[in-house]
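Chemist: Below is a structure I'd like to ask you about.
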Amino acid sequence: MTTQQSAIYYPAGEIEEFLPRIGRVVEIKDHELAVFRTSDGSIFAAENRNPHPKGGPLAEGIVSGHYLYDPLYDWKIDLNTGLVQAPDQGQVQMYPVKIENGQVWIAI
């Protein structure tokens, strides 16, 4: 039987540092993350690695609603789940995010 470790949250920056609809690269504990703030103020953190077979960064993608359009292949990725939308397939590793007192925290 495996025991599940609880995630530890690390500070990623002040909420004002994350501009709406523009990705930002944040490094936490050897993880390179692409962090996005949607126009409704939600914050999402994803591994900054495109699930496309040829790879590439995600932080330069375009955010519309709660979807990310990756910069290289125009894949549509759901920021809630990390799932690539049909007809393409794949999934991005997403990380839990919380906001406390104007500070963004990301769990690794």
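We label chains A, B, ... in the order they appear in the structure tokens, count residues from 1 in each chain, and number ligands from 1 in the order shown.
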Report as a VMD selection string all protein, DNA and RNA residues lying within 8 Å of Gly90 of chain A, evaluated on only C-alpha atoms, omitting residues in the same chain fewer than 2 positions from it.
Modeler: chain A and resid 51 to 52 83 to 84 88 92
Chemist: Can you write out the residues you just picked, keeping N, CA and C atoms, as a tab-separated table (two decimals), in the first residue's frame?
Modeler:
chain	number	residue	atom	x	y	z
A	51	PRO	N	2.69	18.96	-24.68
A	51	PRO	CA	2.50	17.51	-24.82
A	51	PRO	C	2.63	17.01	-26.26
A	52	HIS	N	2.79	17.91	-27.22
A	52	HIS	CA	3.00	17.52	-28.62
A	52	HIS	C	4.27	16.68	-28.73
A	83	LEU	N	-6.11	18.66	-20.14
A	83	LEU	CA	-6.41	17.81	-21.29
A	83	LEU	C	-6.38	18.60	-22.59
A	84	VAL	N	-5.71	18.04	-23.59
A	84	VAL	CA	-5.71	18.59	-24.94
A	84	VAL	C	-7.06	18.26	-25.56
A	88	ASP	N	-6.95	16.71	-31.32
A	88	ASP	CA	-5.62	16.36	-30.83
A	88	ASP	C	-5.75	15.61	-29.50
A	92	VAL	N	-1.34	17.88	-20.20
A	92	VAL	CA	-0.30	18.66	-19.56
A	92	VAL	C	-0.41	18.43	-18.05
Chemist: Residues of segment 38-105 of chain A within 12 Å of segment 9-22 of chain A: nearest atom pair and distance (Å, one decimal) for each, counting only C-alpha atoms, sorted by chain and number, as a tab-separated table?
Modeler:
residue	atom	partner	partner_atom	distance
A:Thr38	CA	A:Arg21	CA	5.2
A:Ser39	CA	A:Pro20	CA	5.3
A:Asp40	CA	A:Pro20	CA	8.3
A:Gly41	CA	A:Pro20	CA	7.2
A:Ser42	CA	A:Pro20	CA	9.0
A:Ile43	CA	A:Phe18	CA	8.5
A:Phe44	CA	A:Phe18	CA	10.5
A:Ala45	CA	A:Ala12	CA	10.0
A:Leu58	CA	A:Ile22	CA	10.8
A:Ala59	CA	A:Ile22	CA	7.9
A:Glu60	CA	A:Ile22	CA	7.4
A:Gly61	CA	A:Ile22	CA	7.6
A:Ile62	CA	A:Arg21	CA	6.7
A:Val63	CA	A:Arg21	CA	4.8
A:Ser64	CA	A:Arg21	CA	7.0
A:Gly65	CA	A:Arg21	CA	8.5
A:His66	CA	A:Arg21	CA	9.6
A:Tyr67	CA	A:Arg21	CA	9.9
A:Leu68	CA	A:Arg21	CA	9.0
A:Tyr69	CA	A:Arg21	CA	10.8
A:Asp70	CA	A:Ile22	CA	11.9
A:Pro71	CA	A:Ile22	CA	11.8
A:Leu79	CA	A:Arg21	CA	11.9
A:Tyr95	CA	A:Tyr9	CA	9.9
A:Pro96	CA	A:Tyr9	CA	8.4
A:Val97	CA	A:Tyr9	CA	8.0
A:Lys98	CA	A:Tyr9	CA	8.4
A:Ile99	CA	A:Ile15	CA	7.8
A:Glu100	CA	A:Ile15	CA	9.4
A:Asn101	CA	A:Glu14	CA	8.9
A:Gly102	CA	A:Ile15	CA	5.4
A:Gln103	CA	A:Glu14	CA	4.5
A:Val104	CA	A:Ala12	CA	5.4
A:Trp105	CA	A:Pro11	CA	4.5
Chemist: Name the closest residue to Asp30 of chain A among the candidates A:Glu47, A:Gln93, A:Asn80, A:Gly56; distances are taken between atoms, counting only C-alpha atoms.
Modeler: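 Closest to Asp30 of chain A, using only C-alpha atoms: A:Glu47.
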Chemist: Quick one, how far is atom CA of Gln89 of chain A from atom CA of Leu72 of chain A?
Modeler: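 So the answer is 15.1 Å.
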Chemist: With only C-alpha atoms as the basis for distance, which of A:Ile106, A:Leu33, A:Val26, A:Ile8 is at the shortest distance from Asn48 of chain A?
Modeler: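 Once distances to Asn48 of chain A are computed over only C-alpha atoms, the minimum belongs to A:Leu33.
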Chemist: Could you pull out the strand (DSSP E or B) residues of chain A from DSSP and send them as number ranges by chain?
Modeler: A: 9-14, 20, 22, 24-28, 31-37, 43-47, 62-64, 67-69, 76-78, 83-84, 91, 94-95, 97-100, 103-107
Chemist: Could you check how far atom CA of Phe36 of chain A sits from atom CA of Arg49 of chain A, in Å to one decimal?
Modeler: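 Atom-to-atom, atom CA of Phe36 of chain A to atom CA of Arg49 of chain A, that is 13.9 Å.
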Chemist: From the options A:Gln91, A:Tyr73, A:Ala46, A:Thr81, which residue's atoms come nearest to Val25 of chain A, counting only C-alpha atoms?
Modeler: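 Closest to Val25 of chain A, using only C-alpha atoms: A:Ala46.
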